[in-house]
>>> print(open('start-v4.txt').read())   # compact mmCIF, C-alpha atoms
# COMPACT_ATOMS: atom_id res chain seq x y z
CA MET A 58 -46.87 38.73 -59.22
CA LYS A 59 -46.40 42.27 -57.89
CA PRO A 60 -45.14 42.56 -54.28
CA VAL A 61 -48.29 44.41 -53.16
CA LYS A 62 -50.47 41.54 -54.40
CA VAL A 63 -48.29 39.05 -52.53
CA ILE A 64 -48.57 40.91 -49.24
CA VAL A 65 -52.34 41.35 -49.62
CA LEU A 66 -52.68 37.60 -50.11
CA VAL A 67 -50.50 36.98 -47.05
CA PHE A 68 -52.68 39.32 -44.96
CA VAL A 69 -55.87 37.58 -46.11
CA PHE A 70 -54.30 34.21 -45.28
CA ILE A 71 -53.20 35.33 -41.79
CA LEU A 72 -56.53 36.97 -41.00
CA SER A 73 -58.41 33.83 -41.98
CA PHE A 74 -56.97 31.95 -38.98
CA PRO A 75 -58.92 32.30 -35.73
CA LEU A 76 -56.67 33.96 -33.19
CA LYS A 77 -57.52 33.56 -29.54
CA ALA A 78 -57.99 37.30 -29.27
CA THR A 79 -58.98 38.96 -26.02
CA GLY A 80 -59.81 42.11 -27.90
CA LEU A 81 -59.69 43.66 -31.29
CA GLY A 82 -58.63 47.24 -31.80
CA VAL A 83 -58.07 49.90 -34.41
CA SER A 84 -55.59 52.73 -34.51
CA LEU A 85 -54.79 55.83 -36.50
CA ASP A 86 -51.29 57.32 -36.54
CA TYR A 87 -50.04 60.65 -37.81
CA ILE A 88 -46.51 60.07 -39.13
CA GLN A 89 -43.68 62.59 -39.49
CA GLY A 90 -40.51 61.42 -41.19
CA GLU A 91 -37.22 62.92 -42.20
CA GLY A 92 -37.47 66.15 -44.17
CA ASP A 93 -40.94 66.81 -45.55
CA VAL A 94 -42.20 63.23 -45.21
CA GLN A 95 -45.66 62.98 -43.68
CA GLY A 96 -48.25 60.27 -43.60
CA VAL A 97 -50.94 58.30 -41.87
CA LYS A 98 -51.14 54.72 -40.73
CA LEU A 99 -54.40 52.81 -40.38
CA ALA A 100 -54.12 49.61 -38.36
CA ALA A 101 -56.07 46.69 -36.98
CA GLN A 102 -54.80 45.23 -33.71
CA TYR A 103 -55.34 41.69 -32.44
CA HIS A 104 -54.76 41.53 -28.68
CA THR A 105 -53.93 38.14 -27.15
CA ASP A 106 -53.28 36.78 -23.70
CA TRP A 107 -50.46 34.50 -24.89
CA LEU A 108 -47.78 36.13 -22.70
CA SER A 109 -49.83 36.30 -19.50
CA ARG A 110 -48.45 32.88 -18.48
CA LEU A 111 -44.96 34.38 -18.39
CA SER A 112 -45.92 37.57 -16.55
CA GLU A 113 -49.15 39.35 -15.76
CA HIS A 114 -47.41 42.56 -16.87
CA LEU A 115 -46.58 41.44 -20.41
CA HIS A 116 -49.10 42.16 -23.14
CA LEU A 117 -48.90 41.05 -26.78
CA TYR A 118 -50.80 42.21 -29.81
CA PHE A 119 -50.40 41.74 -33.55
CA GLU A 120 -50.87 44.74 -35.79
CA THR A 121 -51.62 44.77 -39.49
CA SER A 122 -51.43 48.18 -41.06
CA ALA A 123 -51.50 50.25 -44.20
CA ASN A 124 -49.24 53.30 -44.26
CA PHE A 125 -49.61 56.17 -46.71
CA TRP A 126 -46.48 58.33 -46.96
CA GLU A 127 -46.06 61.58 -48.90
CA PHE A 128 -43.01 63.68 -49.62
CA GLY A 129 -42.53 67.10 -51.15
CA ALA A 130 -44.90 69.19 -53.20
CA ASN A 131 -45.77 69.84 -56.84
CA ASN A 132 -42.78 68.96 -59.05
CA ARG A 133 -40.98 67.01 -56.28
CA TYR A 134 -43.99 65.05 -55.00
CA ASP A 135 -43.57 61.37 -54.09
CA SER A 136 -45.81 58.89 -52.30
CA ASN A 137 -45.56 55.33 -51.03
CA LEU A 138 -47.99 52.69 -49.78
CA VAL A 139 -46.62 50.39 -47.10
CA LEU A 140 -48.31 47.28 -45.71
CA SER A 141 -46.96 45.77 -42.51
CA LEU A 142 -47.45 43.04 -39.94
CA SER A 143 -45.84 43.34 -36.51
CA PRO A 144 -46.03 41.55 -33.19
CA VAL A 145 -45.82 44.17 -30.42
CA ILE A 146 -45.02 43.60 -26.74
CA GLN A 147 -46.08 46.11 -24.08
CA TYR A 148 -44.72 46.36 -20.55
CA PRO A 149 -45.59 48.84 -17.79
CA LEU A 150 -42.85 51.33 -16.91
CA PHE A 151 -44.33 53.47 -14.14
CA THR A 152 -47.46 55.22 -12.94
CA LEU A 153 -47.86 58.96 -13.37
CA GLY A 154 -50.63 60.12 -11.08
CA GLU A 155 -53.28 57.49 -11.76
CA GLN A 156 -52.14 56.82 -15.33
CA GLU A 157 -50.00 53.80 -16.13
CA VAL A 158 -47.23 54.51 -18.65
CA LEU A 159 -46.12 51.56 -20.76
CA ALA A 160 -43.31 50.83 -23.22
CA GLU A 161 -43.89 48.92 -26.42
CA LEU A 162 -41.40 47.15 -28.67
CA GLY A 163 -41.92 45.36 -31.94
CA ILE A 164 -40.12 44.03 -34.97
CA GLY A 165 -42.24 43.15 -37.96
CA VAL A 166 -42.20 42.94 -41.71
CA ALA A 167 -43.29 45.54 -44.24
CA LEU A 168 -43.83 45.74 -47.95
CA LEU A 169 -43.15 49.05 -49.71
CA ASP A 170 -44.91 49.78 -52.98
CA ASP A 171 -41.90 51.77 -54.24
CA THR A 172 -38.23 51.15 -53.38
CA THR A 173 -37.28 54.76 -54.09
CA PHE A 174 -38.91 57.28 -51.79
CA ALA A 175 -38.06 60.80 -50.61
CA GLY A 176 -34.78 60.70 -52.50
CA LYS A 177 -33.66 57.40 -50.95
CA ASP A 178 -33.15 54.06 -52.67
CA VAL A 179 -33.97 51.38 -50.08
CA SER A 180 -33.17 48.52 -52.53
CA THR A 181 -35.99 46.11 -51.74
CA HIS A 182 -39.75 46.16 -51.44
CA TYR A 183 -39.43 43.97 -48.34
CA GLN A 184 -38.31 45.78 -45.20
CA PHE A 185 -38.25 45.22 -41.45
CA GLU A 186 -40.36 47.54 -39.30
CA ASP A 187 -38.78 48.24 -35.90
CA ARG A 188 -40.68 50.25 -33.34
CA PHE A 189 -40.34 51.66 -29.86
CA GLY A 190 -43.16 53.53 -28.18
CA VAL A 191 -44.41 55.01 -24.94
CA LEU A 192 -48.13 54.95 -24.26
CA THR A 193 -50.88 55.42 -21.75
CA ARG A 194 -54.35 53.90 -21.66
CA PHE A 195 -57.51 55.55 -20.43
CA GLY A 196 -61.28 55.14 -20.34
CA SER A 197 -63.51 53.15 -18.01
CA ARG A 198 -62.12 49.86 -19.41
CA ASP A 199 -58.77 51.18 -20.67
CA GLU A 200 -60.23 51.00 -24.16
CA HIS A 201 -58.43 54.15 -25.39
CA SER A 202 -54.70 54.69 -25.73
CA VAL A 203 -52.35 57.38 -26.97
CA THR A 204 -48.86 56.39 -28.07
CA LEU A 205 -45.74 58.25 -29.17
CA ARG A 206 -43.70 55.93 -31.42
CA TYR A 207 -40.42 55.80 -33.26
CA PHE A 208 -40.35 53.62 -36.40
CA HIS A 209 -37.35 52.50 -38.41
CA TYR A 210 -37.69 50.69 -41.75
CA SER A 211 -34.67 48.85 -43.10
CA ASN A 212 -33.79 45.77 -45.11
CA ALA A 213 -31.33 44.81 -42.32
CA GLY A 214 -28.39 44.79 -44.71
CA LEU A 215 -29.85 42.02 -46.88
CA ASP A 216 -29.29 44.24 -49.93
CA SER A 217 -27.47 47.48 -50.72
CA PRO A 218 -28.00 50.34 -50.39
CA ASN A 219 -29.73 50.25 -47.03
CA PRO A 220 -30.18 53.86 -45.83
CA GLY A 221 -33.28 53.09 -43.77
CA LEU A 222 -36.27 55.35 -43.20
CA ASP A 223 -37.05 56.90 -39.80
CA PHE A 224 -40.39 58.20 -38.52
CA VAL A 225 -42.02 59.53 -35.38
CA ALA A 226 -45.73 58.86 -35.01
CA LEU A 227 -48.51 59.98 -32.70
CA SER A 228 -51.19 57.32 -32.42
CA TYR A 229 -54.71 57.03 -31.05
CA ALA A 230 -56.11 53.51 -30.61
CA TYR A 231 -59.45 52.12 -29.55
CA ARG A 232 -59.73 48.56 -28.25
CA PHE A 233 -63.10 46.84 -28.43
CA ARG A 234 -63.78 45.12 -25.12
>>> encode(input="start-v4.txt", output="structure tokens")
Amino acid sequence: MKPVKVIVLVFVFILSFPLKATGLGVSLDYIQGEGDVQGVKLAAQYHTDWLSRLSEHLHLYFETSANFWEFGANNRYDSNLVLSLSPVIQYPLFTLGEQEVLAELGIGVALLDDTTFAGKDVSTHYQFEDRFGVLTRFGSRDEHSVTLRYFHYSNAGLDSPNPGLDFVALSYAYRFR
């Protein structure tokens, strides 16, 4: 069975379980990678209150996403489809004026359609997706957010070569409340 089919089945399986979600959300990211790599990420977010028992400041959501990456033009064109699932923790850093600024951290799993992309051989279809971001929320119910993120995809040394892929993304998200 092709890796993409496996990950789609895993996503369907995960999404079939009822999560105690305090809000569902969607996001759209513009992605800029090394060199001429560009892309978009479409994501569904499942916000939970699971960490509120530990601290009222901790927030957890799970994100499932589809990434579409492109590299080069004409005779050097390359593209890749990436599906991922990541738990993400957010924590407030400071307040700027009346806007709260938060940090987010997450380590998830990703499935790349192609193991060779933008001139790099990443060895495996299965990768880890690490992220760090800074965001602010706004709107009457904090239903909107804008996030600047750094992503790193790597197989964590489970296979060689492991050059990793790095991206910066600007994201807009809307949380249904």
>>> atom_distance(input="start-v4.txt", atom1="atom CA of A:Ala123", atom2="atom CA of A:Arg232")
18.0 Å
>>> closest_residue(input="start-v4.txt", among="A:Pro144, A:Gly165, A:Pro149, A:Gly176", to="A:Glu127", atoms="only C-alpha atoms")
A:Gly176
>>> residues_around(input="start-v4.txt", residues="A:Asp178", least_positions_apart="4", cutoff="9 Å", atoms="all atoms listed in the file", output="compact mmCIF listing (two decimals) with C-alpha atoms, keeping the file's coordinate frame")
# COMPACT_ATOMS: atom_id res chain seq x y z
CA THR A 172 -38.23 51.15 -53.38
CA THR A 173 -37.28 54.76 -54.09
CA PHE A 174 -38.91 57.28 -51.79
CA SER A 217 -27.47 47.48 -50.72
CA PRO A 218 -28.00 50.34 -50.39
CA ASN A 219 -29.73 50.25 -47.03
CA PRO A 220 -30.18 53.86 -45.83
CA GLY A 221 -33.28 53.09 -43.77
>>> axis_aligned_box(input="start-v4.txt", around="stretch 140-156 of chain A", padding_each_side="3 Å", output="AutoDock Vina command-line options")
--center_x -48.1 --center_y 50.8 --center_z -28.4 --size_x 16.4 --size_y 24.6 --size_z 40.6
>>> atom_distance(input="start-v4.txt", atom1="atom CA of A:Ser228", atom2="atom CA of A:Gly214")
28.8 Å
>>> atom_distance(input="start-v4.txt", atom1="atom CA of A:Leu142", atom2="atom CA of A:Leu108")
18.6 Å
>>> residues_around(input="start-v4.txt", residues="stretch 188-190 of chain A", least_positions_apart="2", cutoff="8 Å", atoms="all atoms listed in the file", output="number ranges by chain")
A: 160-164, 186, 192, 204-209
>>> closest_residue(input="start-v4.txt", among="A:Ala100, A:Leu168, A:Val225, A:Val145", to="A:Leu117", atoms="all atoms listed in the file")
A:Val145
>>> closest_residue(input="start-v4.txt", among="A:Ser197, A:Gln95, A:Thr152, A:Ser143", to="A:Gly129", atoms="only C-alpha atoms")
A:Gln95
>>> closest_residue(input="start-v4.txt", among="A:Gln102, A:Ser202, A:Ser180, A:Asn137", to="A:Phe125", atoms="only C-alpha atoms")
A:Asn137
>>> residues_around(input="start-v4.txt", residues="A:His201", least_positions_apart="4", cutoff="12 Å", atoms="all atoms listed in the file", output="list in words")
Gly82, Val83, Ser84, Leu85, Leu192, Thr193, Arg194, Phe195, Gly196, Ser197, Ser228, Tyr229, Ala230, Tyr231, Arg232, Phe233 and Arg234 of chain A
>>> residues_around(input="start-v4.txt", residues="A:His114", least_positions_apart="5", cutoff="10 Å", atoms="only C-alpha atoms", output="compact mmCIF listing (two decimals) with C-alpha atoms, in the frame of the given file")
# COMPACT_ATOMS: atom_id res chain seq x y z
CA LEU A 108 -47.78 36.13 -22.70
CA SER A 109 -49.83 36.30 -19.50
CA GLN A 147 -46.08 46.11 -24.08
CA TYR A 148 -44.72 46.36 -20.55
CA PRO A 149 -45.59 48.84 -17.79
CA LEU A 150 -42.85 51.33 -16.91
CA LEU A 159 -46.12 51.56 -20.76
>>> residues_near_point(input="start-v4.txt", point="(-47.0, 63.3, -42.9)", cutoff="10 Å", atoms="all atoms listed in the file", output="list in words")
Asp86, Tyr87, Ile88, Gln89, Gly90, Glu91, Asp93, Val94, Gln95, Gly96, Val97, Lys98, Phe125, Trp126, Glu127, Phe128, Phe224, Val225 and Ala226 of chain A
>>> closest_residue(input="start-v4.txt", among="A:Ala213, A:Leu111, A:Ala101, A:Leu153", to="A:Tyr183", atoms="only C-alpha atoms")
A:Ala213
>>> closest_residue(input="start-v4.txt", among="A:Gly92, A:Ser122, A:Asp135, A:Leu115", to="A:Leu222", atoms="only C-alpha atoms")
A:Gly92
>>> decode(input="start-v4.txt", residues="stretch 157-227 of chain A", atoms="C-alpha atoms", output="PDB file, in the first residue's frame")
ATOM      1  CA  GLU A 157      -1.474  38.865  24.119  1.00  0.00           C
ATOM      2  CA  VAL A 158       1.541  37.313  22.378  1.00  0.00           C
ATOM      3  CA  LEU A 159       1.888  33.550  22.698  1.00  0.00           C
ATOM      4  CA  ALA A 160       4.522  30.948  21.849  1.00  0.00           C
ATOM      5  CA  GLU A 161       3.634  27.605  20.330  1.00  0.00           C
ATOM      6  CA  LEU A 162       5.646  24.397  20.181  1.00  0.00           C
ATOM      7  CA  GLY A 163       4.848  21.098  18.555  1.00  0.00           C
ATOM      8  CA  ILE A 164       6.381  17.868  17.368  1.00  0.00           C
ATOM      9  CA  GLY A 165       4.306  15.729  15.066  1.00  0.00           C
ATOM     10  CA  VAL A 166       4.529  13.225  12.274  1.00  0.00           C
ATOM     11  CA  ALA A 167       4.401  13.836   8.541  1.00  0.00           C
ATOM     12  CA  LEU A 168       4.183  11.786   5.404  1.00  0.00           C
ATOM     13  CA  LEU A 169       5.906  13.068   2.261  1.00  0.00           C
ATOM     14  CA  ASP A 170       4.641  11.922  -1.115  1.00  0.00           C
ATOM     15  CA  ASP A 171       8.174  12.090  -2.572  1.00  0.00           C
ATOM     16  CA  THR A 172      11.447  11.470  -0.705  1.00  0.00           C
ATOM     17  CA  THR A 173      13.447  13.596  -3.135  1.00  0.00           C
ATOM     18  CA  PHE A 174      12.460  17.244  -3.183  1.00  0.00           C
ATOM     19  CA  ALA A 175      14.208  20.497  -4.112  1.00  0.00           C
ATOM     20  CA  GLY A 176      17.443  18.633  -4.779  1.00  0.00           C
ATOM     21  CA  LYS A 177      17.459  16.876  -1.396  1.00  0.00           C
ATOM     22  CA  ASP A 178      17.095  13.180  -0.678  1.00  0.00           C
ATOM     23  CA  VAL A 179      15.368  12.908   2.720  1.00  0.00           C
ATOM     24  CA  SER A 180      15.469   9.054   2.658  1.00  0.00           C
ATOM     25  CA  THR A 181      12.029   8.237   4.031  1.00  0.00           C
ATOM     26  CA  HIS A 182       8.431   9.166   3.371  1.00  0.00           C
ATOM     27  CA  TYR A 183       7.900   9.377   7.138  1.00  0.00           C
ATOM     28  CA  GLN A 184       9.285  12.489   8.791  1.00  0.00           C
ATOM     29  CA  PHE A 185       8.943  14.389  12.053  1.00  0.00           C
ATOM     30  CA  GLU A 186       7.454  17.884  11.895  1.00  0.00           C
ATOM     31  CA  ASP A 187       8.937  20.238  14.504  1.00  0.00           C
ATOM     32  CA  ARG A 188       7.535  23.714  14.901  1.00  0.00           C
ATOM     33  CA  PHE A 189       8.033  26.883  16.868  1.00  0.00           C
ATOM     34  CA  GLY A 190       5.768  29.878  16.438  1.00  0.00           C
ATOM     35  CA  VAL A 191       4.793  33.256  17.818  1.00  0.00           C
ATOM     36  CA  LEU A 192       1.177  34.331  17.536  1.00  0.00           C
ATOM     37  CA  THR A 193      -1.482  36.756  18.588  1.00  0.00           C
ATOM     38  CA  ARG A 194      -5.239  36.308  18.749  1.00  0.00           C
ATOM     39  CA  PHE A 195      -7.867  38.914  18.022  1.00  0.00           C
ATOM     40  CA  GLY A 196     -11.590  39.359  17.471  1.00  0.00           C
ATOM     41  CA  SER A 197     -14.452  39.716  19.938  1.00  0.00           C
ATOM     42  CA  ARG A 198     -13.978  36.082  21.079  1.00  0.00           C
ATOM     43  CA  ASP A 199     -10.308  35.677  20.093  1.00  0.00           C
ATOM     44  CA  GLU A 200     -11.531  33.637  17.142  1.00  0.00           C
ATOM     45  CA  HIS A 201      -8.821  34.937  14.756  1.00  0.00           C
ATOM     46  CA  SER A 202      -5.083  34.440  15.030  1.00  0.00           C
ATOM     47  CA  VAL A 203      -1.979  35.277  13.039  1.00  0.00           C
ATOM     48  CA  THR A 204       1.147  33.183  13.553  1.00  0.00           C
ATOM     49  CA  LEU A 205       4.737  33.337  12.330  1.00  0.00           C
ATOM     50  CA  ARG A 206       6.155  29.788  12.393  1.00  0.00           C
ATOM     51  CA  TYR A 207       9.381  27.936  11.786  1.00  0.00           C
ATOM     52  CA  PHE A 208       9.018  24.310  10.622  1.00  0.00           C
ATOM     53  CA  HIS A 209      11.697  21.642  10.393  1.00  0.00           C
ATOM     54  CA  TYR A 210      11.068  18.256   8.763  1.00  0.00           C
ATOM     55  CA  SER A 211      13.512  15.457   9.477  1.00  0.00           C
ATOM     56  CA  ASN A 212      13.603  11.698   9.905  1.00  0.00           C
ATOM     57  CA  ALA A 213      15.486  12.245  13.201  1.00  0.00           C
ATOM     58  CA  GLY A 214      18.447  10.200  12.025  1.00  0.00           C
ATOM     59  CA  LEU A 215      16.399   7.010  11.611  1.00  0.00           C
ATOM     60  CA  ASP A 216      17.770   6.695   8.063  1.00  0.00           C
ATOM     61  CA  SER A 217      20.499   8.326   5.976  1.00  0.00           C
ATOM     62  CA  PRO A 218      20.792  10.808   4.453  1.00  0.00           C
ATOM     63  CA  ASN A 219      18.890  13.155   6.729  1.00  0.00           C
ATOM     64  CA  PRO A 220      19.424  16.727   5.461  1.00  0.00           C
ATOM     65  CA  GLY A 221      16.103  18.002   6.806  1.00  0.00           C
ATOM     66  CA  LEU A 222      13.867  20.634   5.249  1.00  0.00           C
ATOM     67  CA  ASP A 223      13.339  24.072   6.815  1.00  0.00           C
ATOM     68  CA  PHE A 224      10.441  26.475   6.293  1.00  0.00           C
ATOM     69  CA  VAL A 225       9.058  29.746   7.591  1.00  0.00           C
ATOM     70  CA  ALA A 226       5.293  30.162   7.427  1.00  0.00           C
ATOM     71  CA  LEU A 227       2.812  32.974   7.933  1.00  0.00           C
TER      72      LEU A 227
END
